[in-house]
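Heads up, the thing below is written out as C-alpha coordinates.
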Amino acid sequence: MSWSWIPGNGALIWQLTRENIYLGVVPALLGLVISLPLGIVAARWRWFYPPALTVVSVIYAIPAIALFIALIPALGLTDTNVIVALTLFSLCVILPNVVAGLRGVPEPVRQAATAMGYGAVRRLVTVELPLAVPVILGGLRVGMVSSISLATIGQLIGVSSLGYLFIDGLQRSFPTEIYVGLVLIIALAVACDLILAGVRRALTPWAARS
Amino acid sequence: MSFFSYAWDWVTQSANWHGSGGIPQQILAHLGYSALPLLIAALIGIPAGVAIGHTGRGAVVVVNLANAWRAIPTLGLLTLLAVYLGFSFLTWLLPLVVLAIPPILVNAYEGVAGVDPGVRDAATGAGMTPWQQVTRVEVPIALPLILVGLRTAAIFVVATATIAAYIGLGGLGRFIIDGLDSYQYGPVAGGALLVVILAVLVLAFFAGLSRLVVPAGLRRQGKAE
(Lines give C-alpha, C1' and ligand atoms only; values in the text may rest on other atoms or scores of the structure.)
Protein backbone atom coordinates (compact mmCIF):
# COMPACT_ATOMS: atom_id res chain seq x y z
CA MET A 1 0.00 0.00 0.00
CA SER A 2 1.28 3.44 -0.81
CA TRP A 3 -1.00 5.54 1.34
CA SER A 4 0.27 8.83 -0.08
CA TRP A 5 -1.43 8.05 -3.40
CA ILE A 6 -4.84 8.51 -1.77
CA PRO A 7 -4.70 12.17 -0.66
CA GLY A 8 -2.76 13.01 -3.84
CA ASN A 9 -5.68 11.76 -5.95
CA GLY A 10 -8.56 12.88 -3.73
CA ALA A 11 -10.29 14.79 -6.52
CA LEU A 12 -10.21 11.83 -8.91
CA ILE A 13 -11.42 9.37 -6.24
CA TRP A 14 -14.25 11.69 -5.24
CA GLN A 15 -15.35 12.18 -8.85
CA LEU A 16 -15.32 8.41 -9.55
CA THR A 17 -17.24 7.75 -6.32
CA ARG A 18 -19.91 10.29 -7.32
CA GLU A 19 -20.22 8.73 -10.77
CA ASN A 20 -20.51 5.28 -9.21
CA ILE A 21 -23.23 6.42 -6.80
CA TYR A 22 -25.15 7.92 -9.71
CA LEU A 23 -24.80 4.73 -11.82
CA GLY A 24 -25.89 2.57 -8.87
CA VAL A 25 -28.67 4.55 -7.25
CA VAL A 26 -30.55 5.86 -10.31
CA PRO A 27 -31.14 2.38 -11.87
CA ALA A 28 -32.36 0.95 -8.55
CA LEU A 29 -34.84 3.82 -8.10
CA LEU A 30 -36.01 3.55 -11.72
CA GLY A 31 -36.36 -0.20 -11.22
CA LEU A 32 -38.56 0.46 -8.19
CA VAL A 33 -40.72 2.95 -10.09
CA ILE A 34 -41.31 0.42 -12.90
CA SER A 35 -41.71 -2.56 -10.54
CA LEU A 36 -44.49 -1.01 -8.47
CA PRO A 37 -47.20 -0.87 -11.17
CA LEU A 38 -46.07 -4.20 -12.66
CA GLY A 39 -46.08 -5.81 -9.21
CA ILE A 40 -49.52 -4.41 -8.39
CA VAL A 41 -50.86 -5.84 -11.66
CA ALA A 42 -49.17 -9.20 -10.99
CA ALA A 43 -50.49 -9.42 -7.43
CA ARG A 44 -54.02 -8.66 -8.61
CA TRP A 45 -54.25 -10.62 -11.86
CA ARG A 46 -52.44 -13.83 -11.05
CA TRP A 47 -52.14 -15.11 -14.63
CA PHE A 48 -49.79 -12.21 -15.38
CA TYR A 49 -47.14 -13.27 -12.88
CA PRO A 50 -45.78 -16.67 -14.09
CA PRO A 51 -44.92 -15.40 -17.60
CA ALA A 52 -43.53 -12.17 -16.13
CA LEU A 53 -41.37 -14.21 -13.75
CA THR A 54 -39.98 -16.26 -16.64
CA VAL A 55 -39.05 -13.10 -18.56
CA VAL A 56 -37.46 -11.68 -15.42
CA SER A 57 -35.33 -14.76 -14.76
CA VAL A 58 -34.12 -14.85 -18.38
CA ILE A 59 -33.16 -11.16 -18.32
CA TYR A 60 -31.43 -11.67 -15.00
CA ALA A 61 -29.35 -14.50 -16.47
CA ILE A 62 -27.82 -12.13 -19.06
CA PRO A 63 -24.29 -11.15 -18.05
CA ALA A 64 -24.01 -7.39 -17.44
CA ILE A 65 -21.18 -6.96 -19.95
CA ALA A 66 -23.30 -8.61 -22.68
CA LEU A 67 -26.27 -6.34 -21.98
CA PHE A 68 -24.08 -3.22 -22.06
CA ILE A 69 -22.73 -4.39 -25.43
CA ALA A 70 -26.19 -5.15 -26.80
CA LEU A 71 -27.27 -1.59 -25.97
CA ILE A 72 -24.29 0.06 -27.69
CA PRO A 73 -25.93 0.48 -31.15
CA ALA A 74 -28.96 2.14 -29.57
CA LEU A 75 -27.36 4.12 -26.74
CA GLY A 76 -23.62 4.28 -27.43
CA LEU A 77 -20.87 4.18 -24.82
CA THR A 78 -22.80 6.40 -22.43
CA ASP A 79 -24.06 6.60 -18.86
CA THR A 80 -27.53 6.01 -20.27
CA ASN A 81 -26.44 2.62 -21.60
CA VAL A 82 -25.30 1.44 -18.15
CA ILE A 83 -28.32 2.99 -16.44
CA VAL A 84 -30.80 1.27 -18.77
CA ALA A 85 -29.06 -2.11 -18.36
CA LEU A 86 -28.83 -1.86 -14.57
CA THR A 87 -32.45 -0.66 -14.39
CA LEU A 88 -33.47 -3.90 -16.11
CA PHE A 89 -31.46 -5.96 -13.61
CA SER A 90 -32.89 -4.00 -10.65
CA LEU A 91 -36.38 -4.56 -12.01
CA CYS A 92 -35.67 -8.30 -11.95
CA VAL A 93 -34.88 -8.31 -8.24
CA ILE A 94 -37.45 -5.73 -7.09
CA LEU A 95 -40.53 -7.00 -8.95
CA PRO A 96 -40.70 -10.41 -7.18
CA ASN A 97 -40.43 -8.61 -3.85
CA VAL A 98 -43.27 -6.22 -4.70
CA VAL A 99 -45.48 -9.19 -5.56
CA ALA A 100 -44.42 -11.15 -2.45
CA GLY A 101 -44.96 -8.09 -0.24
CA LEU A 102 -48.45 -7.44 -1.58
CA ARG A 103 -49.46 -11.10 -1.46
CA GLY A 104 -48.11 -11.32 2.09
CA VAL A 105 -50.70 -8.89 3.42
CA PRO A 106 -52.92 -11.03 5.68
CA GLU A 107 -56.40 -11.64 4.33
CA PRO A 108 -58.14 -10.47 7.58
CA VAL A 109 -56.37 -7.10 7.25
CA ARG A 110 -57.66 -6.77 3.70
CA GLN A 111 -61.17 -7.71 4.78
CA ALA A 112 -61.03 -5.26 7.69
CA ALA A 113 -60.10 -2.45 5.30
CA THR A 114 -62.95 -3.42 2.98
CA ALA A 115 -65.36 -3.56 5.92
CA MET A 116 -64.31 -0.05 6.91
CA GLY A 117 -65.49 1.10 3.49
CA TYR A 118 -62.11 1.33 1.73
CA GLY A 119 -62.30 1.00 -2.05
CA ALA A 120 -59.71 -1.04 -3.93
CA VAL A 121 -57.40 1.90 -4.68
CA ARG A 122 -57.54 3.44 -1.22
CA ARG A 123 -56.97 0.03 0.37
CA LEU A 124 -53.96 -0.55 -1.88
CA VAL A 125 -52.36 2.83 -1.19
CA THR A 126 -53.09 3.21 2.52
CA VAL A 127 -53.07 -0.42 3.74
CA GLU A 128 -51.47 -2.94 1.41
CA LEU A 129 -48.49 -0.97 0.09
CA PRO A 130 -47.44 0.33 3.53
CA LEU A 131 -47.55 -3.22 4.92
CA ALA A 132 -45.47 -4.42 1.97
CA VAL A 133 -42.80 -1.74 2.51
CA PRO A 134 -40.26 -3.93 4.37
CA VAL A 135 -40.29 -6.63 1.67
CA ILE A 136 -40.20 -4.09 -1.18
CA LEU A 137 -37.30 -2.23 0.43
CA GLY A 138 -35.51 -5.57 0.81
CA GLY A 139 -35.66 -5.91 -2.97
CA LEU A 140 -34.62 -2.28 -3.51
CA ARG A 141 -31.62 -2.89 -1.27
CA VAL A 142 -30.42 -5.88 -3.29
CA GLY A 143 -31.04 -3.96 -6.53
CA MET A 144 -29.08 -0.95 -5.34
CA VAL A 145 -26.14 -2.87 -3.89
CA SER A 146 -25.80 -5.00 -7.05
CA SER A 147 -26.11 -1.94 -9.32
CA ILE A 148 -23.34 -0.15 -7.42
CA SER A 149 -21.12 -3.20 -7.84
CA LEU A 150 -22.11 -3.96 -11.47
CA ALA A 151 -21.59 -0.34 -12.51
CA THR A 152 -17.84 -0.97 -12.27
CA ILE A 153 -18.12 -3.42 -15.18
CA GLY A 154 -19.35 -0.52 -17.32
CA GLN A 155 -15.75 0.66 -17.22
CA LEU A 156 -14.95 -2.10 -19.74
CA ILE A 157 -17.04 -0.21 -22.32
CA GLY A 158 -15.53 3.06 -21.13
CA VAL A 159 -18.29 4.35 -18.82
CA SER A 160 -16.52 5.96 -15.89
CA SER A 161 -16.99 4.64 -12.35
CA LEU A 162 -14.83 3.29 -9.53
CA GLY A 163 -14.10 0.49 -12.01
CA TYR A 164 -11.56 2.92 -13.48
CA LEU A 165 -9.39 2.29 -10.39
CA PHE A 166 -9.46 -1.47 -11.05
CA ILE A 167 -8.43 -1.17 -14.68
CA ASP A 168 -5.89 1.58 -14.17
CA GLY A 169 -4.49 -0.29 -11.15
CA LEU A 170 -4.04 -3.43 -13.23
CA GLN A 171 -2.42 -1.61 -16.15
CA ARG A 172 0.03 0.13 -13.82
CA SER A 173 0.45 -2.93 -11.52
CA PHE A 174 -0.51 -0.66 -8.65
CA PRO A 175 -2.61 -2.55 -6.06
CA THR A 176 -3.27 0.50 -3.86
CA GLU A 177 -5.61 1.86 -6.52
CA ILE A 178 -7.54 -1.43 -6.66
CA TYR A 179 -7.83 -1.61 -2.86
CA VAL A 180 -9.25 1.92 -2.78
CA GLY A 181 -11.87 0.93 -5.36
CA LEU A 182 -12.82 -2.27 -3.53
CA VAL A 183 -13.09 -0.54 -0.14
CA LEU A 184 -15.18 2.30 -1.58
CA ILE A 185 -17.61 -0.08 -3.32
CA ILE A 186 -18.09 -2.03 -0.08
CA ALA A 187 -18.47 1.24 1.85
CA LEU A 188 -21.13 2.46 -0.61
CA ALA A 189 -23.02 -0.83 -0.19
CA VAL A 190 -22.91 -0.51 3.60
CA ALA A 191 -24.06 3.12 3.37
CA CYS A 192 -26.99 2.01 1.18
CA ASP A 193 -27.96 -0.59 3.75
CA LEU A 194 -27.95 1.96 6.56
CA ILE A 195 -29.90 4.58 4.60
CA LEU A 196 -32.53 2.09 3.45
CA ALA A 197 -32.87 0.73 7.01
CA GLY A 198 -33.56 4.33 8.09
CA VAL A 199 -36.11 4.78 5.30
CA ARG A 200 -37.85 1.59 6.38
CA ARG A 201 -38.07 2.76 9.97
CA ALA A 202 -39.50 6.10 8.85
CA LEU A 203 -42.08 4.45 6.56
CA THR A 204 -43.16 1.73 9.02
CA PRO A 205 -43.26 3.45 12.44
CA TRP A 206 -45.53 0.68 13.76
CA ALA A 207 -42.90 -2.02 13.26
CA ALA A 208 -40.93 -3.25 16.26
CA ARG A 209 -37.53 -1.55 16.47
CA SER A 210 -35.31 -4.55 16.67
CA MET B 1 -27.54 -1.69 -37.88
CA SER B 2 -28.81 -3.28 -34.72
CA PHE B 3 -27.01 -5.41 -32.19
CA PHE B 4 -28.50 -8.58 -33.61
CA SER B 5 -27.51 -7.88 -37.20
CA TYR B 6 -23.90 -7.15 -36.16
CA ALA B 7 -23.84 -10.26 -33.98
CA TRP B 8 -25.48 -12.42 -36.64
CA ASP B 9 -23.09 -11.26 -39.40
CA TRP B 10 -20.12 -12.15 -37.25
CA VAL B 11 -21.42 -15.44 -35.90
CA THR B 12 -22.36 -16.68 -39.39
CA GLN B 13 -18.96 -15.94 -40.95
CA SER B 14 -17.52 -19.38 -41.49
CA ALA B 15 -13.95 -18.15 -40.90
CA ASN B 16 -14.82 -17.55 -37.25
CA TRP B 17 -15.69 -21.20 -36.77
CA HIS B 18 -12.29 -22.65 -37.58
CA GLY B 19 -8.90 -23.02 -36.02
CA SER B 20 -7.49 -22.13 -32.68
CA GLY B 21 -9.46 -19.37 -31.01
CA GLY B 22 -12.48 -20.15 -33.19
CA ILE B 23 -16.03 -20.11 -31.87
CA PRO B 24 -16.36 -23.87 -31.05
CA GLN B 25 -13.07 -23.88 -29.19
CA GLN B 26 -13.94 -20.80 -27.14
CA ILE B 27 -17.41 -22.16 -26.29
CA LEU B 28 -15.80 -25.34 -24.96
CA ALA B 29 -13.18 -23.32 -23.09
CA HIS B 30 -15.90 -21.15 -21.57
CA LEU B 31 -17.84 -24.22 -20.43
CA GLY B 32 -14.69 -25.68 -18.89
CA TYR B 33 -13.72 -22.44 -17.15
CA SER B 34 -17.24 -22.27 -15.73
CA ALA B 35 -17.73 -25.92 -14.81
CA LEU B 36 -14.52 -26.38 -12.82
CA PRO B 37 -15.05 -23.56 -10.30
CA LEU B 38 -18.74 -24.45 -10.04
CA LEU B 39 -17.86 -28.04 -9.19
CA ILE B 40 -15.31 -27.04 -6.54
CA ALA B 41 -17.72 -24.48 -5.06
CA ALA B 42 -20.49 -27.10 -4.92
CA LEU B 43 -18.22 -29.60 -3.18
CA ILE B 44 -17.50 -26.98 -0.51
CA GLY B 45 -20.79 -25.08 -0.39
CA ILE B 46 -23.37 -27.89 -0.30
CA PRO B 47 -21.89 -29.91 2.62
CA ALA B 48 -21.18 -26.70 4.55
CA GLY B 49 -24.70 -25.33 3.97
CA VAL B 50 -26.34 -28.65 4.86
CA ALA B 51 -24.23 -28.95 8.02
CA ILE B 52 -25.07 -25.41 9.14
CA GLY B 53 -28.76 -25.93 8.33
CA HIS B 54 -28.86 -29.21 10.25
CA THR B 55 -27.05 -28.01 13.37
CA GLY B 56 -28.13 -24.37 13.30
CA ARG B 57 -24.58 -23.34 14.20
CA GLY B 58 -23.19 -20.39 12.28
CA ALA B 59 -26.55 -19.32 10.84
CA VAL B 60 -25.78 -15.63 11.50
CA VAL B 61 -22.65 -15.88 9.36
CA VAL B 62 -24.67 -17.36 6.49
CA VAL B 63 -27.27 -14.59 6.52
CA ASN B 64 -24.54 -11.93 6.44
CA LEU B 65 -22.75 -13.78 3.67
CA ALA B 66 -25.90 -13.68 1.57
CA ASN B 67 -26.15 -9.93 2.11
CA ALA B 68 -22.52 -9.15 1.39
CA TRP B 69 -22.25 -11.32 -1.72
CA ARG B 70 -23.83 -8.98 -4.25
CA ALA B 71 -21.76 -6.05 -3.08
CA ILE B 72 -18.44 -7.60 -4.11
CA PRO B 73 -17.18 -6.09 -7.40
CA THR B 74 -15.84 -9.05 -9.37
CA LEU B 75 -13.74 -6.90 -11.70
CA GLY B 76 -11.92 -5.49 -8.67
CA LEU B 77 -11.20 -8.90 -7.23
CA LEU B 78 -9.95 -10.22 -10.58
CA THR B 79 -7.66 -7.27 -11.23
CA LEU B 80 -6.28 -7.34 -7.68
CA LEU B 81 -5.31 -10.99 -7.98
CA ALA B 82 -3.85 -10.40 -11.45
CA VAL B 83 -1.57 -7.71 -10.04
CA TYR B 84 -0.23 -10.09 -7.40
CA LEU B 85 -0.29 -13.46 -9.19
CA GLY B 86 0.08 -12.43 -12.82
CA PHE B 87 -2.07 -14.20 -15.42
CA SER B 88 -1.95 -17.65 -13.82
CA PHE B 89 -4.36 -20.51 -13.24
CA LEU B 90 -5.14 -19.41 -9.68
CA THR B 91 -5.81 -15.82 -10.74
CA TRP B 92 -9.09 -16.71 -12.35
CA LEU B 93 -9.93 -19.95 -10.51
CA LEU B 94 -9.70 -18.54 -6.99
CA PRO B 95 -12.18 -15.64 -7.34
CA LEU B 96 -14.60 -17.75 -9.40
CA VAL B 97 -14.66 -20.45 -6.70
CA VAL B 98 -14.88 -18.00 -3.82
CA LEU B 99 -17.70 -16.04 -5.45
CA ALA B 100 -19.66 -19.15 -6.45
CA ILE B 101 -19.74 -20.53 -2.90
CA PRO B 102 -22.13 -18.02 -1.21
CA PRO B 103 -25.27 -18.65 -3.31
CA ILE B 104 -24.74 -22.42 -3.11
CA LEU B 105 -24.08 -22.41 0.62
CA VAL B 106 -26.88 -20.01 1.51
CA ASN B 107 -29.53 -21.91 -0.47
CA ALA B 108 -28.42 -25.29 0.90
CA TYR B 109 -28.59 -23.79 4.39
CA GLU B 110 -32.05 -22.30 3.84
CA GLY B 111 -33.35 -25.51 2.30
CA VAL B 112 -32.24 -27.67 5.21
CA ALA B 113 -33.06 -25.14 7.94
CA GLY B 114 -36.54 -24.75 6.45
CA VAL B 115 -37.46 -28.43 6.82
CA ASP B 116 -40.67 -28.77 8.82
CA PRO B 117 -39.75 -29.69 12.47
CA GLY B 118 -42.60 -32.21 12.42
CA VAL B 119 -40.91 -34.03 9.55
CA ARG B 120 -37.64 -34.08 11.49
CA ASP B 121 -39.41 -35.50 14.54
CA ALA B 122 -41.07 -38.15 12.38
CA ALA B 123 -37.68 -39.18 11.00
CA THR B 124 -36.25 -39.46 14.50
CA GLY B 125 -39.33 -41.35 15.63
CA ALA B 126 -38.94 -43.79 12.75
CA GLY B 127 -35.53 -44.67 14.17
CA MET B 128 -33.31 -42.86 11.68
CA THR B 129 -29.79 -41.97 12.74
CA PRO B 130 -28.80 -38.29 12.31
CA TRP B 131 -26.87 -39.24 9.16
CA GLN B 132 -29.89 -41.01 7.65
CA GLN B 133 -32.05 -38.08 8.66
CA VAL B 134 -29.79 -35.70 6.74
CA THR B 135 -29.26 -37.80 3.63
CA ARG B 136 -32.72 -39.38 3.26
CA VAL B 137 -35.01 -36.65 4.54
CA GLU B 138 -33.48 -33.20 4.83
CA VAL B 139 -31.38 -33.11 1.65
CA PRO B 140 -34.17 -34.45 -0.63
CA ILE B 141 -36.58 -31.88 0.81
CA ALA B 142 -33.96 -29.14 0.39
CA LEU B 143 -33.13 -30.23 -3.16
CA PRO B 144 -35.22 -27.60 -4.98
CA LEU B 145 -33.42 -24.80 -3.10
CA ILE B 146 -30.02 -26.47 -3.48
CA LEU B 147 -30.62 -26.44 -7.24
CA VAL B 148 -31.62 -22.77 -7.13
CA GLY B 149 -28.29 -22.08 -5.44
CA LEU B 150 -26.37 -24.05 -8.08
CA ARG B 151 -28.25 -22.27 -10.86
CA THR B 152 -27.54 -18.82 -9.41
CA ALA B 153 -23.87 -19.73 -9.01
CA ALA B 154 -23.66 -21.21 -12.53
CA ILE B 155 -25.10 -18.11 -14.17
CA PHE B 156 -22.83 -15.95 -12.08
CA VAL B 157 -19.76 -17.99 -13.03
CA VAL B 158 -20.59 -17.87 -16.76
CA ALA B 159 -20.86 -14.07 -16.54
CA THR B 160 -17.71 -13.66 -14.46
CA ALA B 161 -15.68 -15.98 -16.69
CA THR B 162 -16.54 -13.54 -19.51
CA ILE B 163 -15.08 -10.65 -17.56
CA ALA B 164 -12.05 -12.75 -16.64
CA ALA B 165 -11.02 -12.46 -20.30
CA TYR B 166 -9.84 -9.02 -19.25
CA ILE B 167 -7.13 -10.67 -17.15
CA GLY B 168 -6.22 -13.07 -19.95
CA LEU B 169 -8.64 -15.99 -19.58
CA GLY B 170 -9.80 -17.68 -22.78
CA GLY B 171 -13.44 -18.39 -23.57
CA LEU B 172 -16.13 -16.25 -25.16
CA GLY B 173 -14.99 -13.17 -23.27
CA ARG B 174 -11.90 -13.12 -25.52
CA PHE B 175 -14.02 -12.04 -28.52
CA ILE B 176 -15.53 -9.25 -26.42
CA ILE B 177 -12.35 -7.93 -24.80
CA ASP B 178 -10.20 -8.22 -27.94
CA GLY B 179 -12.95 -6.66 -30.04
CA LEU B 180 -13.29 -3.74 -27.63
CA ASP B 181 -9.51 -3.23 -27.70
CA SER B 182 -9.46 -3.07 -31.50
CA TYR B 183 -12.73 -1.07 -31.85
CA GLN B 184 -14.45 -3.83 -33.82
CA TYR B 185 -18.08 -4.17 -32.90
CA GLY B 186 -18.66 -7.41 -34.86
CA PRO B 187 -16.79 -9.84 -32.55
CA VAL B 188 -17.91 -7.86 -29.49
CA ALA B 189 -21.58 -8.26 -30.42
CA GLY B 190 -21.11 -11.86 -31.56
CA GLY B 191 -19.30 -12.81 -28.37
CA ALA B 192 -21.97 -11.12 -26.27
CA LEU B 193 -24.75 -12.94 -28.14
CA LEU B 194 -23.02 -16.30 -27.61
CA VAL B 195 -22.55 -15.56 -23.90
CA VAL B 196 -26.24 -14.71 -23.57
CA ILE B 197 -27.23 -17.91 -25.37
CA LEU B 198 -24.91 -19.90 -23.10
CA ALA B 199 -26.35 -18.28 -19.96
CA VAL B 200 -29.93 -18.95 -21.06
CA LEU B 201 -29.03 -22.56 -21.87
CA VAL B 202 -27.57 -22.92 -18.37
CA LEU B 203 -30.83 -21.54 -16.96
CA ALA B 204 -32.84 -24.04 -19.04
CA PHE B 205 -30.50 -26.87 -18.04
CA PHE B 206 -31.16 -26.26 -14.36
CA ALA B 207 -34.90 -25.90 -14.95
CA GLY B 208 -34.82 -29.34 -16.60
CA LEU B 209 -32.59 -30.79 -13.91
CA SER B 210 -34.92 -29.70 -11.11
CA ARG B 211 -37.76 -31.52 -12.88
CA LEU B 212 -35.66 -34.67 -13.06
CA VAL B 213 -34.15 -34.89 -9.59
CA VAL B 214 -36.72 -33.34 -7.26
CA PRO B 215 -38.68 -36.16 -5.58
CA ALA B 216 -42.10 -36.68 -7.16
CA GLY B 217 -43.91 -36.16 -3.85
CA LEU B 218 -42.36 -32.73 -3.43
CA ARG B 219 -43.27 -31.74 -6.98
CA ARG B 220 -46.93 -32.60 -6.42
CA GLN B 221 -46.88 -30.64 -3.20
CA GLY B 222 -45.43 -27.64 -5.05
CA LYS B 223 -48.23 -27.76 -7.59
CA ALA B 224 -50.92 -28.07 -4.93
CA GLU B 225 -49.68 -24.87 -3.34
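Chain lettering (A, B, ...) mirrors the order of the C-alpha coordinates, residue numbering begins at 1 for each chain separately, and ligand numbering begins at 1 in order of display.
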
Set the cut-off to 6 Å and count only C-alpha atoms: what are the residues of chain A that reach chain B? Output as a PyMOL selection string. chain A and resi 61-63+66+70+73+145-146+149+166+170+173

If you count only C-alpha atoms, which residues fall within 6 Å of range 90-95 of chain A, apart from same-chain ones fewer than 3 positions away, as a PyMOL selection string? chain A and resi 28+31+35+39+56+87+98+139-140+143

Store the residues of this selection in a file with N, CA and C atoms, as an mmCIF file, in the first residue's frame.
```
data_model
loop_
_atom_site.group_PDB
_atom_site.id
_atom_site.type_symbol
_atom_site.label_atom_id
_atom_site.label_comp_id
_atom_site.auth_asym_id
_atom_site.auth_seq_id
_atom_site.Cartn_x
_atom_site.Cartn_y
_atom_site.Cartn_z
ATOM 1 N N ALA A 28 -31.553 1.632 -9.564
ATOM 2 C CA ALA A 28 -32.359 0.954 -8.549
ATOM 3 C C ALA A 28 -33.668 1.699 -8.336
ATOM 4 N N GLY A 31 -35.847 1.167 -11.297
ATOM 5 C CA GLY A 31 -36.364 -0.199 -11.223
ATOM 6 C C GLY A 31 -37.543 -0.278 -10.273
ATOM 7 N N SER A 35 -41.238 -1.334 -11.190
ATOM 8 C CA SER A 35 -41.712 -2.564 -10.540
ATOM 9 C C SER A 35 -43.051 -2.385 -9.838
ATOM 10 N N GLY A 39 -45.842 -4.929 -10.346
ATOM 11 C CA GLY A 39 -46.081 -5.810 -9.206
ATOM 12 C C GLY A 39 -47.536 -5.757 -8.758
ATOM 13 N N VAL A 56 -38.374 -12.266 -16.393
ATOM 14 C CA VAL A 56 -37.460 -11.679 -15.419
ATOM 15 C C VAL A 56 -36.244 -12.580 -15.191
ATOM 16 N N THR A 87 -31.034 -0.800 -14.748
ATOM 17 C CA THR A 87 -32.451 -0.665 -14.395
ATOM 18 C C THR A 87 -33.174 -1.984 -14.646
ATOM 19 N N VAL A 98 -42.022 -6.987 -4.740
ATOM 20 C CA VAL A 98 -43.272 -6.221 -4.699
ATOM 21 C C VAL A 98 -44.452 -7.197 -4.651
ATOM 22 N N GLY A 139 -36.003 -5.762 -1.555
ATOM 23 C CA GLY A 139 -35.665 -5.907 -2.972
ATOM 24 C C GLY A 139 -34.881 -4.708 -3.481
ATOM 25 N N LEU A 140 -35.307 -3.508 -3.078
ATOM 26 C CA LEU A 140 -34.618 -2.283 -3.511
ATOM 27 C C LEU A 140 -33.165 -2.313 -3.049
ATOM 28 N N GLY A 143 -31.199 -4.606 -5.226
ATOM 29 C CA GLY A 143 -31.044 -3.958 -6.531
ATOM 30 C C GLY A 143 -29.993 -2.868 -6.495
#
```

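Minimum atom-to-atom distances from A:Leu12, A:Val33, A:Ala151, A:Ala120 to Asn81 in chain A were compared using only C-alpha atoms, and the lowest value belongs to A:Ala151.
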
Got a sec: who's within 10 Å of Trp3 in chain A, counting only C-alpha atoms, leaving out chain neighbours fewer than 3 positions off, as an MDAnalysis selection string? chainID A and resid 6:8 176:177 180

Let's have the selection written as an mmCIF file, in the first residue's frame, with N, CA and C atoms.
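Listed below is the output, result.cif:
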```
data_model
loop_
_atom_site.group_PDB
_atom_site.id
_atom_site.type_symbol
_atom_site.label_atom_id
_atom_site.label_comp_id
_atom_site.auth_asym_id
_atom_site.auth_seq_id
_atom_site.Cartn_x
_atom_site.Cartn_y
_atom_site.Cartn_z
ATOM 1 N N ILE A 6 -3.423 8.201 -2.005
ATOM 2 C CA ILE A 6 -4.839 8.506 -1.773
ATOM 3 C C ILE A 6 -5.106 10.023 -1.663
ATOM 4 N N PRO A 7 -4.437 10.724 -0.716
ATOM 5 C CA PRO A 7 -4.697 12.172 -0.661
ATOM 6 C C PRO A 7 -4.279 12.885 -1.944
ATOM 7 N N GLY A 8 -3.228 12.368 -2.605
ATOM 8 C CA GLY A 8 -2.763 13.008 -3.840
ATOM 9 C C GLY A 8 -3.787 12.926 -4.967
ATOM 10 N N THR A 176 -2.621 -0.508 -4.719
ATOM 11 C CA THR A 176 -3.270 0.503 -3.864
ATOM 12 C C THR A 176 -4.562 1.008 -4.501
ATOM 13 N N GLU A 177 -4.473 1.311 -5.798
ATOM 14 C CA GLU A 177 -5.614 1.856 -6.515
ATOM 15 C C GLU A 177 -6.796 0.878 -6.471
ATOM 16 N N VAL A 180 -8.392 0.749 -3.011
ATOM 17 C CA VAL A 180 -9.251 1.920 -2.782
ATOM 18 C C VAL A 180 -10.616 1.698 -3.427
#
```

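As for CA of Leu150 in chain B and CA of Ala29 in chain B, they are spaced 20.0 Å apart.
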
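What separates CA of Gln155 in chain A from CA of Ile167 in chain A is a distance of 8.0 Å.
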